[in-house]
$ cat upload31.cif   # mmCIF, C-alpha atoms
data_final
loop_
_atom_site.label_atom_id
_atom_site.label_comp_id
_atom_site.auth_asym_id
_atom_site.auth_seq_id
_atom_site.Cartn_x
_atom_site.Cartn_y
_atom_site.Cartn_z
CA MET A 22 -55.38 74.82 251.89
CA GLY A 23 -53.18 73.88 248.95
CA ASP A 24 -49.47 73.28 249.22
CA LEU A 25 -46.27 74.31 247.47
CA VAL A 26 -45.35 72.47 244.26
CA SER A 27 -41.79 72.79 243.04
CA LEU A 28 -40.63 72.40 239.45
CA VAL A 29 -36.97 71.95 238.57
CA ARG A 30 -35.32 71.32 235.25
CA CYS A 31 -32.95 68.35 234.98
CA LYS A 32 -30.72 68.77 231.93
CA SER A 33 -28.76 65.53 232.16
CA PRO A 34 -28.90 62.15 233.94
CA ASP A 35 -25.96 63.23 236.09
CA GLU A 36 -28.16 65.96 237.58
CA ILE A 37 -31.07 63.77 238.69
CA LYS A 38 -29.93 63.35 242.29
CA ASN A 39 -29.09 67.04 242.75
CA MET A 40 -32.37 68.13 241.19
CA ILE A 41 -34.31 65.91 243.60
CA TYR A 42 -32.51 67.63 246.47
CA LYS A 43 -33.28 71.03 244.93
CA ALA A 44 -36.97 70.21 244.41
CA LEU A 45 -37.30 69.23 248.08
CA ASP A 46 -35.39 72.29 249.27
CA LEU A 47 -37.73 74.55 247.28
CA ILE A 48 -40.78 73.26 249.19
CA ASN A 49 -38.87 73.52 252.49
CA TYR A 50 -39.49 69.85 253.12
CA SER A 51 -38.91 68.65 256.66
CA HIS A 52 -39.75 65.45 258.49
CA ASP A 53 -39.19 63.90 261.87
CA ASN A 54 -35.53 62.85 262.03
CA SER A 55 -36.54 59.62 263.77
CA VAL A 56 -37.62 58.09 260.43
CA ARG A 57 -36.67 54.41 260.44
CA SER A 58 -38.90 52.90 257.72
CA VAL A 59 -39.50 54.31 254.26
CA VAL A 60 -41.71 53.02 251.43
CA ILE A 61 -41.21 54.36 247.89
CA LYS A 62 -44.07 53.74 245.41
CA PRO A 63 -43.07 54.20 241.75
CA ASN A 64 -45.42 53.78 238.81
CA LEU A 65 -44.67 50.46 237.08
CA CYS A 66 -47.93 49.98 235.21
CA TYR A 67 -46.45 47.65 232.58
CA TYR A 68 -43.12 46.42 231.17
CA TRP A 69 -42.37 49.49 229.06
CA ASP A 70 -39.05 51.19 229.73
CA ALA A 71 -38.96 54.62 231.40
CA SER A 72 -37.90 56.16 228.07
CA THR A 73 -41.47 55.57 226.80
CA GLY A 74 -42.91 57.83 229.50
CA TYR A 75 -45.04 55.01 230.94
CA THR A 76 -42.96 53.99 233.96
CA THR A 77 -40.96 55.68 236.72
CA ASP A 78 -37.26 55.91 235.90
CA PRO A 79 -35.21 53.82 238.38
CA ARG A 80 -32.59 56.60 238.36
CA VAL A 81 -35.13 58.91 239.99
CA VAL A 82 -35.88 56.32 242.69
CA SER A 83 -32.13 55.82 243.16
CA GLY A 84 -31.71 59.54 243.77
CA ILE A 85 -34.54 59.48 246.31
CA ILE A 86 -32.85 56.59 248.14
CA ASP A 87 -29.64 58.65 248.35
CA TRP A 88 -31.61 61.60 249.74
CA VAL A 89 -33.34 59.39 252.34
CA ARG A 90 -30.05 57.93 253.57
CA GLY A 91 -28.35 61.31 253.62
CA ARG A 92 -31.21 62.75 255.62
CA PHE A 93 -32.15 59.90 257.96
CA GLY A 94 -29.09 57.66 258.07
CA GLU A 95 -27.57 54.68 256.29
CA ASN A 96 -29.50 52.17 258.41
CA THR A 97 -32.94 53.42 257.36
CA ASP A 98 -35.14 50.52 256.19
CA ILE A 99 -36.21 51.29 252.61
CA LYS A 100 -38.73 49.35 250.52
CA ILE A 101 -39.68 49.94 246.88
CA ALA A 102 -43.29 48.78 246.55
CA GLU A 103 -45.61 48.11 243.62
CA ALA A 104 -48.72 45.96 243.16
CA ASP A 105 -49.69 43.51 240.44
CA ALA A 106 -52.13 44.80 237.85
CA SER A 107 -54.55 43.13 235.44
CA ALA A 108 -51.85 42.80 232.76
CA MET A 109 -48.65 43.23 234.78
CA ARG A 110 -46.79 41.13 237.33
CA THR A 111 -44.69 43.23 239.66
CA ASN A 112 -41.84 40.76 240.07
CA LEU A 113 -41.33 40.71 236.30
CA ALA A 114 -41.58 44.51 236.09
CA PHE A 115 -38.91 44.86 238.78
CA LEU A 116 -36.61 42.65 236.71
CA ILE A 117 -37.34 44.03 233.24
CA LEU A 118 -37.34 47.72 234.20
CA GLY A 119 -34.03 47.67 236.06
CA TYR A 120 -35.36 47.83 239.61
CA LYS A 121 -33.94 44.48 240.68
CA LYS A 122 -30.44 45.54 239.65
CA MET A 123 -30.80 48.99 241.23
CA ALA A 124 -32.21 47.57 244.50
CA LYS A 125 -29.26 45.18 244.78
CA GLU A 126 -26.78 48.00 244.22
CA LYS A 127 -28.51 50.22 246.79
CA GLY A 128 -29.20 47.46 249.31
CA VAL A 129 -32.97 48.06 249.49
CA GLU A 130 -35.92 45.67 249.48
CA LEU A 131 -38.34 45.16 246.61
CA LYS A 132 -41.89 44.53 247.83
CA ASN A 133 -44.81 43.19 245.84
CA ILE A 134 -47.86 44.76 247.46
CA SER A 135 -50.09 41.99 246.08
CA ASP A 136 -48.19 39.38 248.10
CA ASP A 137 -49.65 41.01 251.22
CA GLN A 138 -53.38 40.28 251.52
CA GLY A 139 -53.76 43.48 253.48
CA LEU A 140 -56.51 44.80 255.66
CA VAL A 141 -59.96 45.62 254.34
CA GLU A 142 -60.65 49.36 254.40
CA LYS A 143 -64.06 50.82 253.61
CA VAL A 144 -64.71 54.44 252.69
CA THR A 145 -67.66 56.36 251.33
CA VAL A 146 -67.22 58.63 248.32
CA ASN A 147 -70.12 60.36 246.59
CA LYS A 148 -72.44 58.29 248.81
CA ARG A 149 -70.89 55.11 247.38
CA GLU A 150 -69.20 52.67 249.77
CA ILE A 151 -65.94 51.35 248.33
CA GLU A 152 -63.81 48.55 249.75
CA PHE A 153 -60.05 48.23 249.35
CA LYS A 154 -57.41 45.78 250.51
CA VAL A 155 -54.41 47.75 251.72
CA PRO A 156 -51.16 46.33 253.17
CA GLN A 157 -50.46 47.46 256.70
CA PHE A 158 -46.79 48.19 255.96
CA LEU A 159 -47.85 51.12 253.77
CA LYS A 160 -49.82 52.69 256.61
CA GLU A 161 -47.12 52.01 259.17
CA ALA A 162 -44.19 53.50 257.22
CA ASP A 163 -42.59 56.50 258.91
CA LEU A 164 -42.17 58.05 255.47
CA PHE A 165 -44.30 57.11 252.45
CA ILE A 166 -42.99 58.58 249.18
CA ASN A 167 -45.16 58.62 246.06
CA VAL A 168 -43.19 58.71 242.76
CA PRO A 169 -45.66 58.90 239.85
CA LYS A 170 -45.29 59.80 236.19
CA LEU A 171 -46.71 62.69 234.21
CA LYS A 172 -49.14 61.03 231.78
CA ILE A 173 -52.53 61.41 230.13
CA MET A 174 -55.07 58.60 230.57
CA ARG A 175 -58.11 57.67 228.54
CA ILE A 176 -60.59 57.42 231.42
CA THR A 177 -59.46 60.09 233.88
CA ARG A 178 -57.63 62.28 231.36
CA ILE A 179 -54.52 62.48 233.55
CA THR A 180 -52.69 60.02 235.75
CA CYS A 181 -50.18 61.33 238.24
CA ALA A 182 -50.02 61.57 242.05
CA MET A 183 -53.48 60.47 243.23
CA LYS A 184 -53.84 57.78 240.56
CA ASN A 185 -50.48 56.27 241.54
CA ILE A 186 -51.87 55.68 245.04
CA PHE A 187 -54.66 53.67 243.37
CA GLY A 188 -51.82 51.29 242.44
CA CYS A 189 -51.31 50.52 246.14
CA ILE A 190 -54.45 48.37 246.30
CA SER A 191 -53.46 44.74 246.91
CA THR A 192 -56.09 43.34 244.52
CA PRO A 193 -54.39 42.69 241.15
CA ARG A 194 -57.47 43.05 238.96
CA LYS A 195 -58.17 46.68 239.68
CA VAL A 196 -60.36 46.78 236.59
CA VAL A 197 -63.25 45.99 238.97
CA TYR A 198 -63.02 49.62 240.12
CA HIS A 199 -63.18 51.10 236.63
CA PRO A 200 -66.97 51.62 236.54
CA HIS A 201 -66.46 54.15 239.35
CA LEU A 202 -62.76 54.88 238.91
CA ASN A 203 -62.88 58.56 239.84
CA GLU A 204 -64.53 57.75 243.16
CA ALA A 205 -62.08 54.88 243.75
CA ILE A 206 -59.08 57.17 243.20
CA VAL A 207 -60.42 59.62 245.77
CA GLY A 208 -61.35 56.77 248.12
CA ILE A 209 -57.89 55.20 248.22
CA ASN A 210 -56.41 58.66 248.83
CA LYS A 211 -58.65 58.89 251.88
CA VAL A 212 -57.12 55.65 253.16
CA LEU A 213 -53.48 56.22 252.16
CA LYS A 214 -51.85 59.63 252.46
CA PRO A 215 -48.26 59.82 251.21
CA HIS A 216 -46.04 62.19 253.14
CA LEU A 217 -44.28 63.30 249.99
CA THR A 218 -44.78 63.18 246.22
CA LEU A 219 -41.93 63.45 243.73
CA VAL A 220 -42.95 63.33 240.07
CA ASP A 221 -40.69 61.82 237.42
CA GLY A 222 -41.31 64.15 234.51
CA LEU A 223 -38.02 63.42 232.75
CA VAL A 224 -40.17 61.99 229.97
CA GLY A 225 -43.83 63.04 229.84
CA LEU A 226 -46.46 61.05 228.01
CA GLY A 227 -49.12 62.88 226.09
CA ARG A 228 -50.15 61.94 222.55
CA TYR A 229 -46.57 60.68 222.36
CA PRO A 230 -43.58 60.66 224.74
CA VAL A 231 -41.60 63.88 225.07
CA LYS A 232 -38.39 64.73 226.91
CA LEU A 233 -39.49 67.30 229.52
CA ASP A 234 -36.47 67.14 231.88
CA LEU A 235 -38.80 67.87 234.80
CA ILE A 236 -38.76 66.88 238.47
CA MET A 237 -41.65 68.02 240.70
CA ALA A 238 -42.12 67.83 244.47
CA SER A 239 -44.97 68.50 246.91
CA ARG A 240 -46.20 67.29 250.28
CA ASP A 241 -49.74 67.05 248.91
CA ALA A 242 -50.89 64.67 246.15
CA PHE A 243 -53.95 66.77 245.29
CA SER A 244 -51.87 69.93 244.89
CA MET A 245 -49.46 68.02 242.67
CA ASP A 246 -52.28 66.80 240.41
CA TRP A 247 -53.74 70.31 240.22
CA ILE A 248 -50.50 71.66 238.76
CA ALA A 249 -49.70 68.52 236.74
CA SER A 250 -53.07 68.61 234.97
CA ASP A 251 -52.47 72.23 233.99
CA ILE A 252 -49.06 71.30 232.53
CA MET A 253 -50.72 68.51 230.54
CA GLY A 254 -53.22 70.93 229.02
CA TYR A 255 -56.30 70.45 231.19
CA ASN A 256 -58.23 72.85 233.36
CA PRO A 257 -57.91 71.05 236.73
CA SER A 258 -61.29 72.29 237.91
CA THR A 259 -62.95 70.23 235.14
CA LEU A 260 -61.37 66.86 236.01
CA ASP A 261 -63.89 64.59 237.69
CA PHE A 262 -61.62 63.01 240.29
CA LEU A 263 -60.30 66.42 241.36
CA LYS A 264 -63.85 67.77 241.61
CA ILE A 265 -64.82 64.79 243.76
CA ALA A 266 -61.67 65.22 245.87
CA ARG A 267 -62.64 68.82 246.60
CA LYS A 268 -66.17 67.81 247.51
CA GLU A 269 -64.88 65.05 249.80
CA LYS A 270 -62.34 67.44 251.37
CA VAL A 271 -59.41 65.33 250.19
CA GLY A 272 -57.85 68.42 248.61
CA ASN A 273 -58.24 72.16 248.28
CA PRO A 274 -56.81 74.26 245.42
CA ASP A 275 -56.86 77.47 247.46
CA GLY A 276 -53.32 78.56 248.17
CA ILE A 277 -51.52 76.19 245.80
CA ARG A 278 -48.33 77.88 244.65
CA THR A 279 -45.51 76.81 242.35
CA VAL A 280 -41.85 77.52 243.01
CA GLY A 281 -38.81 77.07 240.80
CA GLU A 282 -39.40 76.85 237.06
CA LYS A 283 -42.58 78.24 235.52
CA PRO A 284 -45.27 75.68 234.54
CA ASP A 285 -45.76 77.53 231.21
CA GLU A 286 -42.39 76.36 229.94
CA PHE A 287 -43.37 72.71 230.30
CA ARG A 288 -46.99 73.25 229.23
CA LYS A 289 -45.81 74.54 225.86
CA LYS A 290 -43.75 71.42 225.30
CA PHE A 291 -46.19 68.77 226.52
CA PRO A 292 -48.00 66.98 223.63
CA LYS A 293 -51.64 67.62 224.49
CA ALA A 294 -54.33 64.98 224.07
CA SER A 295 -55.98 64.82 220.67
CA SER A 296 -59.35 66.49 220.18
CA LEU A 297 -60.63 63.25 218.62
CA PRO A 298 -63.03 61.26 220.83
CA THR A 299 -61.07 59.07 223.25
CA GLU A 300 -63.22 56.01 222.54
CA TYR A 301 -62.37 56.27 218.86
CA LEU A 302 -58.66 56.61 219.64
CA TRP A 303 -58.77 53.66 222.03
CA SER A 304 -60.38 51.45 219.37
CA LEU A 305 -57.77 52.58 216.86
CA GLU A 306 -54.90 51.83 219.27
CA ILE A 307 -56.24 48.34 220.00
CA GLY A 308 -56.61 47.63 216.28
CA LEU A 309 -53.03 48.74 215.57
CA LEU A 310 -51.65 46.67 218.44
CA LYS A 311 -53.47 43.55 217.27
CA THR A 312 -52.18 44.07 213.73
CA TYR A 313 -48.66 44.54 215.10
CA SER A 314 -48.99 41.28 217.05
CA ARG A 315 -50.20 39.29 214.04
CA ILE A 316 -47.41 40.56 211.77
CA LEU A 317 -44.46 40.33 214.18
CA GLY A 318 -45.67 37.68 216.59
CA ASP A 319 -44.97 39.96 219.54
CA ILE A 320 -47.14 39.90 222.65
CA ILE A 321 -49.72 42.49 223.58
CA PRO A 322 -51.31 43.06 227.01
CA PRO A 323 -53.82 40.29 227.95
CA PHE A 324 -56.62 42.75 228.70
CA ILE A 325 -56.59 43.89 225.07
CA GLN A 326 -57.17 40.35 223.85
CA GLU A 327 -60.08 39.67 226.23
#

$ encode --input "upload31.cif" --output "structure tokens"
Amino acid sequence: MGDLVSLVRCKSPDEIKNMIYKALDLINYSHDNSVRSVVIKPNLCYYWDASTGYTTDPRVVSGIIDWVRGRFGENTDIKIAEADASAMRTNLAFLILGYKKMAKEKGVELKNISDDQGLVEKVTVNKREIEFKVPQFLKEADLFINVPKLKIMRITRITCAMKNIFGCISTPRKVVYHPHLNEAIVGINKVLKPHLTLVDGLVGLGRYPVKLDLIMASRDAFSMDWIASDIMGYNPSTLDFLKIARKEKVGNPDGIRTVGEKPDEFRKKFPKASSLPTEYLWSLEIGLLKTYSRILGDIIPPFIQE
């Protein structure tokens, strides 16, 4: 059965911490008080600042750290973890996006998932066997917190809770999974099951970034994506990875309920994807980026130049 998904409005940066507490209270979140190790997985897909809507705001992660320590004690071991990607190196992202500074202030550890070779995990999705390398520390954490963004994506149409777990694979060049990305997203969510998902929707990313002032919370990544996709203008029952997740019994939409603010208020504000074919838009974006690079001499992601 589906789970509760809370939506709270955060009107100013000073409210972030309190709104995280409120979002968790609304879903009646509880966990074993013996929690000693916590892993927080933000979405740091590239070096773009949180104001662009691409990456998780370090202020949200900071608020989660405060909640963890208030709930489980000051001595709780907390790691912020992210993996390298085809065009992103985690250690640089930590520095550029403000995580290194925040981690030092909070006294928490930054962990590059790709530095850990991990254990090989094999799962079958849609009769396809898929292999992942997954660090053991993610599976052994007493509390694993998923902190994705609210964004549209060319291939899967949305990227939020379940897609952020895809970023936990140790292998940097995750492009190898793209020919069967929907199955891979479901597969890694069979292997890794976060105890809690908190969405940074302060800035949402549709056709362009928009200030949504939204924090969301749920125990269940599938339930979160079901509501998130609706906010972003999609019928969740039509998204391939959610259809596969239902078939594979990774999630169930029956019984999903929202509490707090109404999704309609954020749906109206979210800049929906263009009706133009995504392949055309992708080609246009690449062309504009290359032109930008030639004129200004700025860098563009390596995968675009390949």

$ resolve_selection --input "upload31.cif" --expression "the PyMOL selection byres ((chain A and resi 210-212) around 10)" --output "ChimeraX atom specification"
/A:142-146,153,155,160,182-187,189,204-209,213-215,242-243,266,269-272

$ closest_residue --input "upload31.cif" --among "A:Ala124, A:Ile173, A:Ile41, A:Leu260" --to "Pro292 (chain A)" --atoms "all atoms listed in the file"
A:Ile173

$ axis_aligned_box --input "upload31.cif" --around "region 273-284 of chain A" --padding-each-side "8 Å" --output "lines of an AutoDock Vina configuration file"
center_x = -48.5
center_y = 75.4
center_z = 241.4
size_x = 35.4
size_y = 22.4
size_z = 29.7

$ closest_residue --input "upload31.cif" --among "A:Ala108, A:Leu45, A:Ile179, A:Val56" --to "Asn256 (chain A)" --atoms "only C-alpha atoms"
A:Ile179

$ closest_atom_pairs --input "upload31.cif" --of "region 43-90 of chain A" --to "region 129-137 of chain A" --cutoff "10 Å" --atoms "only C-alpha atoms" --output "Markdown table"
| residue | atom | partner | partner_atom | distance |
| --- | --- | --- | --- | --- |
| A:Val60 | CA | A:Lys132 | CA | 9.2 |
| A:Ile61 | CA | A:Leu131 | CA | 9.7 |
| A:Lys62 | CA | A:Lys132 | CA | 9.8 |
| A:Ile86 | CA | A:Val129 | CA | 8.6 |

$ residues_around --input "upload31.cif" --residues "Gly119 (chain A)" --least-positions-apart "3" --cutoff "10 Å" --atoms "all atoms listed in the file" --output "compact mmCIF listing (two decimals) with C-alpha atoms, in the frame of the given file"
# COMPACT_ATOMS: atom_id res chain seq x y z
CA ASP A 70 -39.05 51.19 229.73
CA ALA A 71 -38.96 54.62 231.40
CA ASP A 78 -37.26 55.91 235.90
CA PRO A 79 -35.21 53.82 238.38
CA ARG A 80 -32.59 56.60 238.36
CA ALA A 114 -41.58 44.51 236.09
CA PHE A 115 -38.91 44.86 238.78
CA LEU A 116 -36.61 42.65 236.71
CA LYS A 122 -30.44 45.54 239.65
CA MET A 123 -30.80 48.99 241.23
CA ALA A 124 -32.21 47.57 244.50

$ resolve_selection --input "upload31.cif" --expression "the PyMOL selection byres ((chain A and resi 196) around 12)" --output "list in words"
Asp105, Ala106, Ser107, Ala108, Ile176, Phe187, Gly188, Ile190, Thr192, Pro193, Arg194, Lys195, Val197, Tyr198, His199, Pro200, His201, Leu202, Ala205 and Phe324 of chain A

$ resolve_selection --input "upload31.cif" --expression "the PyMOL selection byres ((chain A and resi 81) around 12)" --output "PyMOL selection string"
chain A and resi 31+34-42+61-64+71+76-80+82-88+119-120+123+167-170+219-224+234-237

$ atom_distance --input "upload31.cif" --atom1 "CA of Cys66 (chain A)" --atom2 "CA of Asp246 (chain A)"
18.1 Å

$ closest_residue --input "upload31.cif" --among "A:Lys268, A:Ile166, A:Lys43, A:Ala104" --to "Lys148 (chain A)" --atoms "all atoms listed in the file"
A:Lys268

$ atom_distance --input "upload31.cif" --atom1 "CA of Ser295 (chain A)" --atom2 "CA of Lys32 (chain A)"
27.9 Å

$ closest_residue --input "upload31.cif" --among "A:Thr180, A:Thr97, A:Asn147, A:Ser33" --to "Asn54 (chain A)" --atoms "all atoms listed in the file"
A:Thr97

$ closest_residue --input "upload31.cif" --among "A:Leu233, A:Ala102, A:Asn96, A:Ser191" --to "Gly139 (chain A)" --atoms "only C-alpha atoms"
A:Ser191

$ atom_distance --input "upload31.cif" --atom1 "CA of Gly254 (chain A)" --atom2 "CA of Tyr67 (chain A)"
24.5 Å

$ residues_around --input "upload31.cif" --residues "Thr259 (chain A)" --least-positions-apart "4" --cutoff "12 Å" --atoms "all atoms listed in the file" --output "VMD selection string"
chain A and resid 177 to 179 247 250 to 251 254 to 255 263 to 267

$ closest_residue --input "upload31.cif" --among "A:Val89, A:Val26, A:Ile101, A:Ile117" --to "His52 (chain A)" --atoms "only C-alpha atoms"
A:Val89

$ residues_around --input "upload31.cif" --residues "Pro284 (chain A)" --least-positions-apart "4" --cutoff "9 Å" --atoms "only C-alpha atoms" --output "short mmCIF file (atom, residue, chain, number, x, y, z; two decimals) with C-alpha atoms, keeping the file's coordinate frame"
data_model
loop_
_atom_site.label_atom_id
_atom_site.label_comp_id
_atom_site.auth_asym_id
_atom_site.auth_seq_id
_atom_site.Cartn_x
_atom_site.Cartn_y
_atom_site.Cartn_z
CA LEU A 28 -40.63 72.40 239.45
CA ILE A 248 -50.50 71.66 238.76
CA ALA A 249 -49.70 68.52 236.74
CA ASP A 251 -52.47 72.23 233.99
CA ILE A 252 -49.06 71.30 232.53
CA THR A 279 -45.51 76.81 242.35
CA ARG A 288 -46.99 73.25 229.23
CA LYS A 289 -45.81 74.54 225.86
#

$ decode --input "upload31.cif" --residues "region 81-106 of chain A" --atoms "N, CA and C atoms" --output "PDB file, in the first residue's frame"
ATOM      1  N   VAL A  81      19.028  22.659   3.086  1.00  0.00           N
ATOM      2  CA  VAL A  81      18.060  21.604   3.392  1.00  0.00           C
ATOM      3  C   VAL A  81      18.763  20.454   4.112  1.00  0.00           C
ATOM      4  N   VAL A  82      19.932  20.056   3.603  1.00  0.00           N
ATOM      5  CA  VAL A  82      20.698  18.983   4.246  1.00  0.00           C
ATOM      6  C   VAL A  82      21.126  19.409   5.650  1.00  0.00           C
ATOM      7  N   SER A  83      21.494  20.673   5.815  1.00  0.00           N
ATOM      8  CA  SER A  83      21.862  21.192   7.131  1.00  0.00           C
ATOM      9  C   SER A  83      20.705  21.060   8.113  1.00  0.00           C
ATOM     10  N   GLY A  84      19.497  21.382   7.658  1.00  0.00           N
ATOM     11  CA  GLY A  84      18.321  21.248   8.504  1.00  0.00           C
ATOM     12  C   GLY A  84      18.041  19.805   8.884  1.00  0.00           C
ATOM     13  N   ILE A  85      18.300  18.891   7.945  1.00  0.00           N
ATOM     14  CA  ILE A  85      18.111  17.461   8.226  1.00  0.00           C
ATOM     15  C   ILE A  85      19.120  16.994   9.274  1.00  0.00           C
ATOM     16  N   ILE A  86      20.354  17.476   9.175  1.00  0.00           N
ATOM     17  CA  ILE A  86      21.384  17.133  10.165  1.00  0.00           C
ATOM     18  C   ILE A  86      20.948  17.581  11.565  1.00  0.00           C
ATOM     19  N   ASP A  87      20.398  18.793  11.653  1.00  0.00           N
ATOM     20  CA  ASP A  87      19.913  19.289  12.947  1.00  0.00           C
ATOM     21  C   ASP A  87      18.800  18.401  13.488  1.00  0.00           C
ATOM     22  N   TRP A  88      17.894  17.984  12.596  1.00  0.00           N
ATOM     23  CA  TRP A  88      16.802  17.106  13.026  1.00  0.00           C
ATOM     24  C   TRP A  88      17.348  15.767  13.522  1.00  0.00           C
ATOM     25  N   VAL A  89      18.304  15.198  12.792  1.00  0.00           N
ATOM     26  CA  VAL A  89      18.891  13.908  13.184  1.00  0.00           C
ATOM     27  C   VAL A  89      19.511  14.004  14.578  1.00  0.00           C
ATOM     28  N   ARG A  90      20.292  15.056  14.807  1.00  0.00           N
ATOM     29  CA  ARG A  90      20.972  15.189  16.100  1.00  0.00           C
ATOM     30  C   ARG A  90      19.989  15.478  17.230  1.00  0.00           C
ATOM     31  N   GLY A  91      18.949  16.243  16.914  1.00  0.00           N
ATOM     32  CA  GLY A  91      17.944  16.512  17.933  1.00  0.00           C
ATOM     33  C   GLY A  91      17.156  15.270  18.297  1.00  0.00           C
ATOM     34  N   ARG A  92      17.008  14.392  17.323  1.00  0.00           N
ATOM     35  CA  ARG A  92      16.208  13.181  17.525  1.00  0.00           C
ATOM     36  C   ARG A  92      17.020  12.025  18.106  1.00  0.00           C
ATOM     37  N   PHE A  93      18.262  11.866  17.615  1.00  0.00           N
ATOM     38  CA  PHE A  93      19.039  10.672  17.964  1.00  0.00           C
ATOM     39  C   PHE A  93      20.315  10.965  18.756  1.00  0.00           C
ATOM     40  N   GLY A  94      20.621  12.233  18.989  1.00  0.00           N
ATOM     41  CA  GLY A  94      21.766  12.564  19.811  1.00  0.00           C
ATOM     42  C   GLY A  94      22.911  13.192  19.043  1.00  0.00           C
ATOM     43  N   GLU A  95      23.697  13.986  19.743  1.00  0.00           N
ATOM     44  CA  GLU A  95      24.800  14.727  19.141  1.00  0.00           C
ATOM     45  C   GLU A  95      25.914  13.820  18.616  1.00  0.00           C
ATOM     46  N   ASN A  96      26.025  12.615  19.158  1.00  0.00           N
ATOM     47  CA  ASN A  96      27.117  11.719  18.774  1.00  0.00           C
ATOM     48  C   ASN A  96      26.769  10.805  17.592  1.00  0.00           C
ATOM     49  N   THR A  97      25.614  11.009  17.000  1.00  0.00           N
ATOM     50  CA  THR A  97      25.226  10.200  15.844  1.00  0.00           C
ATOM     51  C   THR A  97      26.229  10.397  14.703  1.00  0.00           C
ATOM     52  N   ASP A  98      26.691   9.304  14.109  1.00  0.00           N
ATOM     53  CA  ASP A  98      27.617   9.364  12.972  1.00  0.00           C
ATOM     54  C   ASP A  98      26.827   9.694  11.705  1.00  0.00           C
ATOM     55  N   ILE A  99      27.141  10.812  11.076  1.00  0.00           N
ATOM     56  CA  ILE A  99      26.391  11.278   9.900  1.00  0.00           C
ATOM     57  C   ILE A  99      27.334  11.422   8.712  1.00  0.00           C
ATOM     58  N   LYS A 100      26.946  10.830   7.600  1.00  0.00           N
ATOM     59  CA  LYS A 100      27.699  10.950   6.346  1.00  0.00           C
ATOM     60  C   LYS A 100      26.792  11.558   5.284  1.00  0.00           C
ATOM     61  N   ILE A 101      27.342  12.464   4.495  1.00  0.00           N
ATOM     62  CA  ILE A 101      26.671  12.973   3.293  1.00  0.00           C
ATOM     63  C   ILE A 101      27.349  12.282   2.115  1.00  0.00           C
ATOM     64  N   ALA A 102      26.585  11.534   1.338  1.00  0.00           N
ATOM     65  CA  ALA A 102      27.180  10.671   0.307  1.00  0.00           C
ATOM     66  C   ALA A 102      26.649  10.991  -1.088  1.00  0.00           C
ATOM     67  N   GLU A 103      27.545  11.001  -2.046  1.00  0.00           N
ATOM     68  CA  GLU A 103      27.212  11.165  -3.462  1.00  0.00           C
ATOM     69  C   GLU A 103      28.242  10.399  -4.277  1.00  0.00           C
ATOM     70  N   ALA A 104      27.865   9.990  -5.484  1.00  0.00           N
ATOM     71  CA  ALA A 104      28.771   9.241  -6.357  1.00  0.00           C
ATOM     72  C   ALA A 104      29.193  10.080  -7.555  1.00  0.00           C
ATOM     73  N   ASP A 105      30.365   9.786  -8.089  1.00  0.00           N
ATOM     74  CA  ASP A 105      30.795  10.411  -9.338  1.00  0.00           C
ATOM     75  C   ASP A 105      29.818  10.063 -10.456  1.00  0.00           C
ATOM     76  N   ALA A 106      29.734  10.942 -11.429  1.00  0.00           N
ATOM     77  CA  ALA A 106      28.908  10.693 -12.611  1.00  0.00           C
ATOM     78  C   ALA A 106      29.773  10.856 -13.855  1.00  0.00           C
TER      79      ALA A 106
END
